[in-house]
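Coordinates from coords.csv are shown below (CSV, C-alpha atoms and all ligand atoms).
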```csv
chain,number,residue,atom,x,y,z
O,1,MET,CA,-5.1,-25.8,-16.0
O,2,GLN,CA,-8.3,-23.9,-15.8
O,3,LEU,CA,-8.2,-20.1,-16.1
O,4,ARG,CA,-10.9,-17.8,-14.6
O,5,ILE,CA,-11.0,-14.1,-15.3
O,6,ALA,CA,-13.1,-11.5,-13.5
O,7,ALA,CA,-13.1,-7.7,-13.3
O,8,PHE,CA,-13.3,-5.6,-10.1
O,9,THR,CA,-13.4,-1.9,-9.6
O,10,VAL,CA,-11.3,-0.1,-6.9
O,11,HIS,CA,-11.7,3.5,-5.7
O,12,LYS,CA,-8.8,5.8,-4.6
O,13,ARG,CA,-9.0,7.6,-1.3
O,14,PHE,CA,-7.1,10.5,-3.0
O,15,ALA,CA,-7.5,10.8,-6.7
O,16,LEU,CA,-4.0,10.9,-8.3
O,17,THR,CA,-3.1,13.6,-10.7
O,18,ILE,CA,0.2,13.3,-12.7
O,19,SER,CA,1.5,15.4,-15.7
O,20,ARG,CA,-0.8,13.4,-18.1
O,21,GLY,CA,-4.1,13.3,-16.2
O,22,THR,CA,-6.1,12.2,-13.1
O,23,THR,CA,-7.2,8.7,-11.9
O,24,ALA,CA,-9.9,8.3,-9.2
O,25,GLN,CA,-10.9,4.7,-9.8
O,26,THR,CA,-9.9,1.7,-12.0
O,27,THR,CA,-11.4,-1.6,-13.0
O,28,ASN,CA,-8.7,-4.2,-12.7
O,29,VAL,CA,-8.6,-7.8,-13.9
O,30,PHE,CA,-8.4,-10.8,-11.5
O,31,VAL,CA,-7.0,-14.1,-12.8
O,32,GLU,CA,-7.2,-17.5,-11.1
O,33,VAL,CA,-5.5,-20.6,-12.4
O,34,GLU,CA,-6.5,-24.0,-11.0
O,35,GLN,CA,-5.0,-27.4,-11.3
O,36,GLU,CA,-5.0,-30.4,-8.9
O,37,GLY,CA,-7.3,-28.4,-6.5
O,38,ILE,CA,-4.6,-25.7,-6.1
O,39,ARG,CA,-5.6,-22.1,-7.0
O,40,GLY,CA,-3.1,-19.4,-8.0
O,41,TRP,CA,-4.1,-15.7,-8.1
O,42,GLY,CA,-2.9,-12.8,-10.3
O,43,GLU,CA,-4.0,-9.3,-11.1
O,44,ALA,CA,-3.7,-6.8,-14.0
O,45,SER,CA,-4.4,-3.1,-13.7
O,46,PRO,CA,-5.0,-0.9,-16.7
O,47,PHE,CA,-2.3,1.7,-17.4
O,48,SER,CA,-1.1,4.4,-19.8
O,49,THR,CA,2.4,5.7,-20.3
O,50,GLY,CA,1.3,8.3,-22.8
O,51,GLU,CA,2.8,6.3,-25.7
O,52,GLN,CA,1.1,3.1,-24.8
O,53,THR,CA,-2.3,2.3,-23.2
O,54,GLN,CA,-3.5,-1.0,-22.0
O,55,THR,CA,-7.3,-1.0,-21.2
O,56,THR,CA,-9.1,-3.3,-18.8
O,57,GLU,CA,-11.1,-4.6,-21.8
O,58,ALA,CA,-8.1,-5.4,-23.9
O,59,ILE,CA,-6.4,-7.2,-21.0
O,60,ALA,CA,-9.5,-9.2,-20.2
O,61,ARG,CA,-10.2,-10.0,-23.9
O,62,SER,CA,-6.6,-11.3,-24.4
O,63,LEU,CA,-6.9,-13.6,-21.4
O,64,GLN,CA,-10.2,-15.0,-22.6
O,65,LYS,CA,-8.4,-15.8,-25.8
O,66,ILE,CA,-5.5,-17.7,-24.2
O,67,ALA,CA,-7.7,-19.6,-21.6
O,68,PRO,CA,-8.7,-22.5,-23.9
O,69,LEU,CA,-5.1,-22.9,-25.1
O,70,LEU,CA,-3.9,-23.4,-21.5
O,71,LYS,CA,-6.2,-26.3,-20.7
O,72,ALA,CA,-3.7,-28.9,-21.8
O,73,ILE,CA,-0.7,-27.1,-20.1
O,74,SER,CA,0.4,-27.5,-16.5
O,75,PRO,CA,1.3,-24.4,-14.3
O,76,LEU,CA,4.7,-25.9,-14.0
O,77,GLU,CA,5.4,-25.4,-17.7
O,78,ARG,CA,6.2,-21.7,-17.4
O,79,GLN,CA,8.7,-21.6,-20.3
O,80,ARG,CA,6.1,-23.1,-22.6
O,81,ILE,CA,3.4,-20.7,-21.3
O,82,GLU,CA,5.7,-17.7,-21.9
O,83,LYS,CA,6.2,-18.7,-25.5
O,84,LEU,CA,2.5,-19.1,-26.0
O,85,MET,CA,1.8,-15.7,-24.4
O,86,ALA,CA,4.3,-14.2,-26.9
O,87,GLU,CA,2.7,-16.0,-29.8
O,88,VAL,CA,-0.8,-14.8,-29.0
O,89,ARG,CA,0.6,-11.3,-28.3
O,90,LEU,CA,-0.8,-10.9,-24.8
O,91,PRO,CA,-0.4,-7.3,-23.6
O,92,SER,CA,2.1,-7.0,-20.7
O,93,GLY,CA,-0.6,-6.5,-18.1
O,94,ALA,CA,-2.3,-9.7,-19.1
O,95,ARG,CA,1.0,-11.6,-19.0
O,96,ALA,CA,1.7,-10.1,-15.6
O,97,ALA,CA,-1.6,-11.4,-14.2
O,98,LEU,CA,-1.1,-14.9,-15.6
O,99,ASP,CA,2.6,-15.1,-14.6
O,100,VAL,CA,1.8,-14.0,-11.0
O,101,ALA,CA,-1.0,-16.6,-10.8
O,102,LEU,CA,1.5,-19.3,-11.9
O,103,HIS,CA,4.0,-18.2,-9.2
O,104,ASP,CA,1.2,-18.2,-6.6
O,105,TRP,CA,0.2,-21.7,-7.7
O,106,LEU,CA,3.9,-22.9,-7.6
O,107,GLY,CA,4.4,-21.5,-4.1
O,108,LYS,CA,1.2,-23.2,-2.9
O,109,GLN,CA,2.2,-26.5,-4.5
O,110,ALA,CA,5.7,-26.2,-2.8
O,111,GLY,CA,4.2,-25.1,0.5
O,112,LEU,CA,6.5,-22.1,0.6
O,113,PRO,CA,6.1,-18.3,0.3
O,114,LEU,CA,7.7,-16.8,-2.9
O,115,TRP,CA,10.3,-14.9,-1.0
O,116,GLN,CA,11.5,-18.1,0.5
O,117,LEU,CA,11.5,-20.0,-2.8
O,118,GLN,CA,13.8,-17.3,-4.0
O,119,GLY,CA,16.0,-17.5,-0.9
O,120,LEU,CA,15.4,-13.8,-0.1
O,121,ASP,CA,15.9,-11.9,3.2
O,122,CYS,CA,12.8,-9.8,4.1
O,123,ASP,CA,14.9,-7.8,6.6
O,124,ARG,CA,16.4,-6.0,3.5
O,125,ILE,CA,13.1,-4.5,2.5
O,126,VAL,CA,13.3,-0.7,2.6
O,127,PRO,CA,10.3,1.5,3.4
O,128,THR,CA,7.9,2.3,0.5
O,129,SER,CA,7.2,5.9,-0.5
O,130,VAL,CA,3.7,7.2,-0.8
O,131,THR,CA,2.9,9.4,-3.7
O,132,ILE,CA,1.7,13.0,-3.5
O,133,GLY,CA,0.1,13.8,-6.8
O,134,ILE,CA,-0.1,17.2,-8.6
O,135,CYS,CA,-2.4,19.5,-6.6
O,136,SER,CA,-2.4,22.9,-4.9
O,137,PRO,CA,0.3,23.5,-2.2
O,138,GLU,CA,-2.5,23.6,0.4
O,139,THR,CA,-4.0,20.3,-0.6
O,140,ALA,CA,-0.5,18.7,-0.8
O,141,GLN,CA,0.2,19.8,2.8
O,142,GLN,CA,-3.1,18.3,3.9
O,143,ARG,CA,-2.3,15.0,2.1
O,144,VAL,CA,1.1,14.8,3.7
O,145,LEU,CA,-0.3,15.5,7.2
O,146,ASP,CA,-3.0,12.9,6.6
O,147,TRP,CA,-0.4,10.2,5.5
O,148,LEU,CA,1.7,11.1,8.6
O,149,GLY,CA,-1.3,10.7,10.8
O,150,LYS,CA,-1.3,14.3,11.8
O,151,GLY,CA,-4.2,15.5,9.6
O,152,THR,CA,-8.0,15.5,9.8
O,153,LEU,CA,-8.5,12.0,8.2
O,154,GLN,CA,-8.3,8.8,10.1
O,155,MET,CA,-5.8,6.8,8.1
O,156,PRO,CA,-5.4,3.0,8.4
O,157,TRP,CA,-1.7,3.3,7.8
O,158,HIS,CA,0.9,4.7,10.2
O,159,GLY,CA,4.7,5.0,10.0
O,160,ILE,CA,5.2,6.5,6.5
O,161,GLN,CA,8.9,7.2,6.1
O,162,ALA,CA,9.3,8.2,2.4
O,163,LEU,CA,7.4,10.4,0.0
O,164,LYS,CA,7.4,10.8,-3.8
O,165,VAL,CA,6.1,14.0,-5.2
O,166,LYS,CA,4.6,14.2,-8.8
O,167,LEU,CA,6.1,17.2,-10.7
O,168,GLY,CA,6.0,18.1,-14.4
O,169,ASN,CA,2.9,20.2,-13.7
O,170,PRO,CA,1.5,21.5,-17.1
O,171,ALA,CA,1.1,24.9,-15.3
O,172,GLY,CA,4.9,25.2,-15.3
O,173,VAL,CA,8.0,24.9,-13.2
O,174,GLU,CA,7.0,27.5,-10.6
O,175,ALA,CA,4.0,25.3,-9.8
O,176,ASP,CA,6.4,22.4,-9.4
O,177,LYS,CA,8.6,24.4,-7.0
O,178,ALA,CA,5.6,25.6,-4.9
O,179,LEU,CA,4.3,22.0,-4.6
O,180,LEU,CA,7.7,20.6,-3.5
O,181,GLN,CA,8.3,23.4,-1.0
O,182,ALA,CA,4.7,22.9,0.4
O,183,VAL,CA,5.4,19.2,0.9
O,184,GLN,CA,8.8,19.8,2.6
O,185,SER,CA,7.3,22.4,5.0
O,186,VAL,CA,5.2,19.6,6.7
O,187,ALA,CA,7.4,16.6,6.0
O,188,ALA,CA,9.3,16.4,9.3
O,189,GLY,CA,10.3,12.8,10.0
O,190,ILE,CA,10.4,11.8,6.3
O,191,SER,CA,13.8,10.3,5.6
O,192,LYS,CA,13.5,10.1,1.8
O,193,LEU,CA,11.9,12.4,-0.7
O,194,SER,CA,12.0,11.7,-4.4
O,195,VAL,CA,10.3,13.4,-7.4
O,196,ASP,CA,8.7,12.0,-10.6
O,197,ALA,CA,8.1,14.4,-13.5
O,198,ASN,CA,6.4,11.7,-15.7
O,199,GLY,CA,8.2,13.2,-18.7
O,200,GLY,CA,6.8,16.7,-18.1
O,201,TRP,CA,10.1,18.6,-18.6
O,202,ASP,CA,12.4,19.5,-21.4
O,203,LEU,CA,16.2,19.2,-21.1
O,204,ALA,CA,16.8,22.9,-20.0
O,205,THR,CA,14.1,22.6,-17.3
O,206,ALA,CA,15.4,19.2,-16.1
O,207,LEU,CA,18.9,20.6,-15.8
O,208,ALA,CA,17.7,23.6,-13.8
O,209,MET,CA,15.4,21.5,-11.6
O,210,ALA,CA,18.1,19.0,-10.9
O,211,ASP,CA,20.2,21.7,-9.3
O,212,TRP,CA,17.3,23.2,-7.5
O,213,LEU,CA,16.1,19.8,-6.1
O,214,ALA,CA,19.6,18.8,-5.1
O,215,GLU,CA,19.9,21.9,-2.9
O,216,ARG,CA,16.7,20.8,-1.2
O,217,GLY,CA,17.9,17.3,-0.3
O,218,VAL,CA,15.8,15.3,-2.8
O,219,THR,CA,17.0,11.7,-3.3
O,220,TYR,CA,16.5,11.2,-7.0
O,221,ILE,CA,14.5,12.3,-10.1
O,222,GLU,CA,12.3,9.9,-12.0
O,223,GLN,CA,11.5,10.2,-15.7
O,224,PRO,CA,12.4,13.9,-16.1
O,225,LEU,CA,12.1,13.8,-20.0
O,226,ALA,CA,9.4,12.2,-22.1
O,227,LYS,CA,9.8,8.8,-23.6
O,228,GLY,CA,11.5,9.4,-27.0
O,229,GLN,CA,13.9,12.0,-25.6
O,230,GLU,CA,16.4,9.5,-24.4
O,231,GLY,CA,19.1,11.2,-26.5
O,232,ASP,CA,18.9,14.2,-24.1
O,233,LEU,CA,19.4,12.0,-21.1
O,234,LEU,CA,23.2,11.8,-21.9
O,235,GLU,CA,23.7,15.5,-21.1
O,236,LEU,CA,21.4,15.4,-18.1
O,237,TYR,CA,23.3,12.3,-16.8
O,238,GLU,CA,26.6,14.1,-17.1
O,239,ARG,CA,25.5,17.4,-15.4
O,240,SER,CA,22.8,16.4,-12.9
O,241,PRO,CA,23.9,16.4,-9.3
O,242,LEU,CA,21.0,14.0,-8.6
O,243,PRO,CA,20.6,10.4,-9.8
O,244,ILE,CA,18.2,10.1,-12.8
O,245,PHE,CA,15.8,7.1,-12.9
O,246,VAL,CA,13.6,6.2,-15.9
O,247,ASP,CA,10.1,4.6,-15.8
O,248,GLU,CA,8.1,5.2,-19.0
O,249,SER,CA,11.4,4.8,-21.0
O,250,CYS,CA,12.0,1.3,-19.7
O,251,PHE,CA,9.5,-1.6,-20.0
O,252,THR,CA,11.5,-4.8,-20.1
O,253,SER,CA,15.1,-6.1,-19.9
O,254,TYR,CA,15.5,-5.4,-23.6
O,255,ASP,CA,15.2,-1.6,-22.9
O,256,ILE,CA,18.0,-1.6,-20.3
O,257,LEU,CA,21.2,-1.9,-22.3
O,258,PRO,CA,20.6,1.2,-24.5
O,259,LEU,CA,19.9,3.3,-21.3
O,260,ALA,CA,22.8,2.0,-19.2
O,261,ASP,CA,25.2,4.8,-20.2
O,262,ARG,CA,22.7,7.6,-19.5
O,263,VAL,CA,20.6,6.8,-16.3
O,264,HIS,CA,21.5,5.9,-12.8
O,265,GLY,CA,18.5,3.6,-12.2
O,266,ILE,CA,15.3,2.2,-13.5
O,267,ASN,CA,11.7,1.9,-12.1
O,268,ILE,CA,10.5,-1.7,-12.6
O,269,LYS,CA,6.7,-2.3,-12.6
O,270,LEU,CA,4.9,-5.6,-12.8
O,271,MET,CA,2.5,-4.4,-15.5
O,272,LYS,CA,5.2,-3.1,-17.8
O,273,ALA,CA,7.5,-6.1,-17.3
O,274,GLY,CA,4.7,-8.7,-17.9
O,275,GLY,CA,5.3,-10.7,-14.8
O,276,LEU,CA,7.7,-11.7,-12.0
O,277,THR,CA,9.7,-13.8,-14.5
O,278,GLU,CA,10.6,-10.7,-16.5
O,279,VAL,CA,11.0,-8.6,-13.3
O,280,LEU,CA,13.8,-11.0,-12.2
O,281,ARG,CA,15.5,-10.7,-15.6
O,282,MET,CA,15.3,-6.9,-15.4
O,283,ILE,CA,16.8,-6.9,-11.9
O,284,HIS,CA,19.8,-9.0,-13.0
O,285,THR,CA,20.3,-7.2,-16.3
O,286,ALA,CA,20.2,-3.8,-14.6
O,287,ARG,CA,22.6,-4.9,-11.8
O,288,ALA,CA,25.0,-6.2,-14.5
O,289,CYS,CA,25.0,-2.7,-15.9
O,290,GLY,CA,25.7,-1.2,-12.5
O,291,LEU,CA,22.2,0.4,-12.2
O,292,LYS,CA,20.1,1.2,-9.1
O,293,LEU,CA,16.6,-0.3,-8.9
O,294,MET,CA,13.2,0.7,-7.7
O,295,PHE,CA,9.8,-1.0,-7.9
O,296,GLY,CA,6.8,1.1,-8.8
O,297,CYS,CA,3.1,0.4,-9.4
O,298,TYR,CA,0.1,1.6,-11.3
O,299,SER,CA,-3.4,1.3,-9.7
O,300,ASP,CA,-2.5,-2.2,-8.4
O,301,SER,CA,-4.4,-3.6,-5.4
O,302,THR,CA,-2.8,-5.6,-2.6
O,303,LEU,CA,-2.6,-8.6,-4.8
O,304,ALA,CA,-0.1,-7.3,-7.4
O,305,ASN,CA,1.8,-5.2,-4.9
O,306,THR,CA,2.2,-8.2,-2.6
O,307,ALA,CA,3.7,-10.1,-5.6
O,308,MET,CA,6.3,-7.4,-6.0
O,309,ALA,CA,6.9,-7.3,-2.2
O,310,HIS,CA,8.1,-10.9,-2.4
O,311,LEU,CA,11.0,-9.7,-4.7
O,312,SER,CA,11.6,-6.4,-3.0
O,313,PRO,CA,14.6,-7.5,-0.9
O,314,LEU,CA,16.4,-7.2,-4.3
O,315,VAL,CA,15.9,-3.5,-4.9
O,316,ASP,CA,17.1,-0.1,-3.5
O,317,TYR,CA,13.9,1.9,-3.4
O,318,LEU,CA,10.2,1.0,-3.3
O,319,ASP,CA,7.1,2.9,-4.4
O,320,LEU,CA,4.5,0.2,-3.9
O,321,ASP,CA,1.8,2.4,-2.4
O,322,SER,CA,-1.2,2.2,-4.7
O,323,HIS,CA,-3.1,-0.3,-2.5
O,324,LEU,CA,-2.6,1.9,0.5
O,325,ASN,CA,-4.6,4.6,-1.3
O,326,LEU,CA,-7.6,2.2,-2.0
O,327,LEU,CA,-10.9,2.5,-0.1
O,328,ASP,CA,-12.2,-0.9,-1.2
O,329,ASP,CA,-9.2,-3.2,-1.7
O,330,PRO,CA,-10.6,-6.7,-2.1
O,331,PHE,CA,-7.5,-8.5,-0.9
O,332,LEU,CA,-5.4,-9.1,2.2
O,333,GLY,CA,-1.7,-9.9,1.7
O,334,ALA,CA,1.6,-8.3,2.6
O,335,ARG,CA,1.4,-6.3,5.9
O,336,PHE,CA,2.3,-2.7,6.4
O,337,ASP,CA,4.9,-2.6,9.1
O,338,ASP,CA,6.7,0.6,10.1
O,339,GLY,CA,6.5,2.0,6.6
O,340,ARG,CA,7.6,-1.3,5.0
O,341,ILE,CA,5.5,-3.7,2.9
O,342,ILE,CA,6.4,-7.2,4.3
O,343,PRO,CA,5.1,-10.4,2.7
O,344,ASN,CA,3.8,-13.0,5.1
O,345,GLN,CA,4.7,-16.7,5.8
O,346,GLN,CA,1.8,-18.2,3.8
O,347,PRO,CA,2.6,-20.3,0.8
O,348,GLY,CA,2.6,-18.6,-2.6
O,349,LEU,CA,1.7,-14.9,-2.5
O,350,GLY,CA,0.0,-15.2,0.8
O,351,VAL,CA,-3.0,-13.3,-0.5
O,352,SER,CA,-6.6,-13.9,0.5
O,353,ALA,CA,-10.0,-12.3,-0.1
O,354,ALA,CA,-10.6,-9.4,2.3
O,355,ARG,CA,-14.3,-10.1,2.3
O,356,LYS,CA,-16.2,-13.4,2.6
O,357,GLU,CA,-17.3,-13.7,-1.0
O,358,SER,CA,-14.4,-14.3,-3.4
O,359,ILE,CA,-13.8,-12.0,-6.4
O,360,SER,CA,-14.3,-14.7,-8.9
O,361,ARG,CA,-17.8,-15.6,-7.5
O,362,ARG,CA,-18.8,-11.9,-7.0
O,363,ASN,CA,-18.0,-11.0,-10.5
O,364,HIS,CA,-19.0,-14.3,-12.1
O,365,ASP,CA,-21.4,-12.5,-14.5
O,366,GLN,CA,-18.5,-10.5,-15.9
O,367,GLU,CA,-16.4,-13.5,-17.0
O,368,GLY,CA,-17.6,-13.1,-20.6
O,369,MET,CA,-16.3,-9.5,-20.9
O,401,MG,MG,6.9,7.0,-12.6
```
Kindly transcribe the structure held in the file into structure tokens.
Ligand SMILES: [Mg+2]
Amino acid sequence: MQLRIAAFTVHKRFALTISRGTTAQTTNVFVEVEQEGIRGWGEASPFSTGEQTQTTEAIARSLQKIAPLLKAISPLERQRIEKLMAEVRLPSGARAALDVALHDWLGKQAGLPLWQLQGLDCDRIVPTSVTIGICSPETAQQRVLDWLGKGTLQMPWHGIQALKVKLGNPAGVEADKALLQAVQSVAAGISKLSVDANGGWDLATALAMADWLAERGVTYIEQPLAKGQEGDLLELYERSPLPIFVDESCFTSYDILPLADRVHGINIKLMKAGGLTEVLRMIHTARACGLKLMFGCYSDSTLANTAMAHLSPLVDYLDLDSHLNLLDDPFLGARFDDGRIIPNQQPGLGVSAARKESISRRNHDQEGM
């Protein structure tokens, strides 16, 4: 197969601040595999979990390195390709982009959308949350009203039903409480409200906040403690009235078993997992351990979030909102329907270019990056 790589930059409508910093734009990596005239598309977005960072440059460089090795291999040979990706130590974001492109190619070859190849029921897809980052209470209220279509901004999306609020504010727990109360004061009509501390709390704070958040009807808490503090999760798991999910503490299926006795659920992301192949392994491993599941995202465009939408009938909660917050998303794919991200009937991912010129042509000069 032929592999083409191009970089593209996307800008956020609302810059996103979490406990570790702020993101206003990212440069993502587009991947196209081609064989027998069929093209499969994939995407990687750069990310940092604090402990681990994958840059655009490192992802693109590693894909350039594997491209010549793939020339003699068919997109059908995914097991062989997975072994090769491990041998050349591709970062998980690069593996995700390639694996998604192979799935897109396979679906197009078969003439079926991925959700149908997996035999899934799209009626099971739950509404996605949209994320309110760390900001002042006044700004948070404005953001919520904008997302709900009651604010000053003209939003292209209507029907938001779930919100996720970023807590773990470095300014302290009183700032977290003020933010949550501000969001709730204007969140009429929101059926699910979750919080994500991105590891910004210690055990004592997490215990106190779990009680406080439970009294306010929050659904669950994501990554209350920093990665590396998993020992403290045992006590939190025993005493918290709210379900505890982990994100930064869980990258792949190998991470699940040691966490199974101390969390209620895990947040699976395409870029951490390294592709849909591993996402499926994580789903089945976690279910065998009796865990709840959610899908999350980094600064993914419609391409990567559509890939996850195809498997989303398998999970309990969805936070696939990054593309909804982009001003210049280059792709069209899964549709936004009454708060839900629903894949279409087209073969493969069902993703196309939003503008006439394709990403690979537009960024042709960046292929050597
Ligand atoms: Mg998270």
* 12 Å contact set for Phe336 of chain O, all atoms listed in the file, chain neighbours under 6 positions out, as a PyMOL selection string -> chain O and resi 125-128+156-161+302+305-306+309+320-321+323-324+342-344
Considering only C-alpha atoms and all ligand atoms, tabulate each residue of chain O that lies at most 10 Å from ligand MG 401 (chain O) along with its nearest interatomic pair and the corresponding distance in Å to one decimal; arrange the rows by chain and ascending residue number and present them as a Markdown table.
```
| residue | atom | partner | partner_atom | distance |
| --- | --- | --- | --- | --- |
| O:Ile18 | CA | O:MG401 | MG | 9.2 |
| O:Thr49 | CA | O:MG401 | MG | 9.0 |
| O:Lys164 | CA | O:MG401 | MG | 9.6 |
| O:Lys166 | CA | O:MG401 | MG | 8.5 |
| O:Val195 | CA | O:MG401 | MG | 8.9 |
| O:Asp196 | CA | O:MG401 | MG | 5.7 |
| O:Ala197 | CA | O:MG401 | MG | 7.6 |
| O:Asn198 | CA | O:MG401 | MG | 5.7 |
| O:Gly199 | CA | O:MG401 | MG | 8.8 |
| O:Ile221 | CA | O:MG401 | MG | 9.6 |
| O:Glu222 | CA | O:MG401 | MG | 6.2 |
| O:Gln223 | CA | O:MG401 | MG | 6.4 |
| O:Pro224 | CA | O:MG401 | MG | 9.5 |
| O:Phe245 | CA | O:MG401 | MG | 8.9 |
| O:Val246 | CA | O:MG401 | MG | 7.5 |
| O:Asp247 | CA | O:MG401 | MG | 5.1 |
| O:Glu248 | CA | O:MG401 | MG | 6.8 |
| O:Ser249 | CA | O:MG401 | MG | 9.8 |
| O:Ile266 | CA | O:MG401 | MG | 9.7 |
| O:Asn267 | CA | O:MG401 | MG | 7.0 |
| O:Ile268 | CA | O:MG401 | MG | 9.4 |
| O:Lys269 | CA | O:MG401 | MG | 9.3 |
| O:Phe295 | CA | O:MG401 | MG | 9.7 |
| O:Gly296 | CA | O:MG401 | MG | 7.0 |
| O:Cys297 | CA | O:MG401 | MG | 8.3 |
| O:Tyr298 | CA | O:MG401 | MG | 8.8 |
| O:Asp319 | CA | O:MG401 | MG | 9.2 |
```
Those same residues, written as an mmCIF file, in the frame of the given file with C-alpha atoms?
```cif
data_model
loop_
_atom_site.group_PDB
_atom_site.id
_atom_site.type_symbol
_atom_site.label_atom_id
_atom_site.label_comp_id
_atom_site.auth_asym_id
_atom_site.auth_seq_id
_atom_site.Cartn_x
_atom_site.Cartn_y
_atom_site.Cartn_z
ATOM 1 C CA ILE O 18 0.200 13.300 -12.700
ATOM 2 C CA THR O 49 2.400 5.700 -20.300
ATOM 3 C CA LYS O 164 7.400 10.800 -3.800
ATOM 4 C CA LYS O 166 4.600 14.200 -8.800
ATOM 5 C CA VAL O 195 10.300 13.400 -7.400
ATOM 6 C CA ASP O 196 8.700 12.000 -10.600
ATOM 7 C CA ALA O 197 8.100 14.400 -13.500
ATOM 8 C CA ASN O 198 6.400 11.700 -15.700
ATOM 9 C CA GLY O 199 8.200 13.200 -18.700
ATOM 10 C CA ILE O 221 14.500 12.300 -10.100
ATOM 11 C CA GLU O 222 12.300 9.900 -12.000
ATOM 12 C CA GLN O 223 11.500 10.200 -15.700
ATOM 13 C CA PRO O 224 12.400 13.900 -16.100
ATOM 14 C CA PHE O 245 15.800 7.100 -12.900
ATOM 15 C CA VAL O 246 13.600 6.200 -15.900
ATOM 16 C CA ASP O 247 10.100 4.600 -15.800
ATOM 17 C CA GLU O 248 8.100 5.200 -19.000
ATOM 18 C CA SER O 249 11.400 4.800 -21.000
ATOM 19 C CA ILE O 266 15.300 2.200 -13.500
ATOM 20 C CA ASN O 267 11.700 1.900 -12.100
ATOM 21 C CA ILE O 268 10.500 -1.700 -12.600
ATOM 22 C CA LYS O 269 6.700 -2.300 -12.600
ATOM 23 C CA PHE O 295 9.800 -1.000 -7.900
ATOM 24 C CA GLY O 296 6.800 1.100 -8.800
ATOM 25 C CA CYS O 297 3.100 0.400 -9.400
ATOM 26 C CA TYR O 298 0.100 1.600 -11.300
ATOM 27 C CA ASP O 319 7.100 2.900 -4.400
#
```
Would you mind listing what lies within 8 Å of Ser301 of chain O as a PyMOL selection string, with all atoms listed in the file counted and same-chain residues fewer than 4 positions away left out? chain O and resi 10+305+322-323+326+329-331
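Comparing O:Gln181, O:Asp176, O:Asp211, O:Thr23 by their smallest distance to Arg239 of chain O, the closest is O:Asp211 (using all atoms listed in the file).
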Of O:Asp300, O:Ala6, O:Gly348, O:Arg340, the one nearest to Gln25 of chain O when counting all atoms listed in the file is O:Asp300
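Taking atom CA of Thr22 of chain O and atom CA of Ser136 of chain O as the two end points, the separation is 14.0 Å.
Of the listed residues (O:Ala307, O:Leu225, O:Leu16, O:Met271), O:Met271 comes nearest to Ile59 of chain O; the distances count only C-alpha atoms.
Using all atoms listed in the file, the nearest neighbour of Tyr317 of chain O within the list O:Lys356, O:Ser45, O:Arg124, O:Leu180 is O:Arg124.
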Correct to one decimal, the distance atom CA of Thr219 of chain O-atom CA of Leu242 of chain O is 7.0 Å
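Using all atoms listed in the file, the nearest neighbour of Thr26 of chain O within the list O:Ser299, O:Val263, O:Cys289, O:Ile134 is O:Ser299.
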What are the closest atom pairs, with distances in Å to one decimal, for each residue of segment 315-360 of chain O lying within 10 Å of segment 86-105 of chain O, using only C-alpha atoms, rows by chain and rising residue number, as a tab-separated table?
```
residue	atom	partner	partner_atom	distance
O:Pro347	CA	O:Asp104	CA	7.8
O:Gly348	CA	O:Asp104	CA	4.3
O:Leu349	CA	O:Asp104	CA	5.3
O:Gly350	CA	O:Asp104	CA	8.1
O:Val351	CA	O:Asp104	CA	8.9
```
Just C-alpha atoms for this one: save the residues we selected as a short mmCIF file (atom, residue, chain, number, x, y, z; two decimals), keeping the file's coordinate frame.
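Output below, filename selection.cif:
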```
data_model
loop_
_atom_site.label_atom_id
_atom_site.label_comp_id
_atom_site.auth_asym_id
_atom_site.auth_seq_id
_atom_site.Cartn_x
_atom_site.Cartn_y
_atom_site.Cartn_z
CA PRO O 347 2.60 -20.30 0.80
CA GLY O 348 2.60 -18.60 -2.60
CA LEU O 349 1.70 -14.90 -2.50
CA GLY O 350 0.00 -15.20 0.80
CA VAL O 351 -3.00 -13.30 -0.50
#
```
Of O:Leu259, O:Leu106, O:Leu303, O:Leu314, the one sitting nearest Arg281 of chain O when using all atoms listed in the file is O:Leu314
In Å and to one decimal, atom CA of Leu327 of chain O is distant from atom CA of Ser191 of chain O by 26.5 Å
Which residues come within 7 Å of Gln35 of chain O, counting all atoms listed in the file, excluding same-chain residues fewer than 3 positions away, as a VMD selection string? chain O and resid 1 to 2 38 to 39
Can you tell me which residues surround Ala187 of chain O at a distance of at most 9 Å, considering only C-alpha atoms, apart from same-chain residues fewer than 5 positions away, and format the answer as a ChimeraX atom specification? /O:141,144-145,148,163,182
Contacts between segment 74-84 of chain O and segment 227-281 of chain O, please, where a residue of segment 227-281 of chain O counts if it comes within 10 Å (with all atoms listed in the file); show its shortest atom pair and distance in Å to one decimal, rows by chain and ascending number, as a tab-separated table.
```
residue	atom	partner	partner_atom	distance
O:Gly274	CA	O:Glu82	CA	9.9
O:Gly275	CA	O:Glu82	CA	10.0
O:Thr277	CA	O:Arg78	CA	9.1
```
- Residues within 7 Å of (-2.4, 10.7, -6.3), counting only C-alpha atoms, listed as a ChimeraX atom specification: /O:14-17,131-133
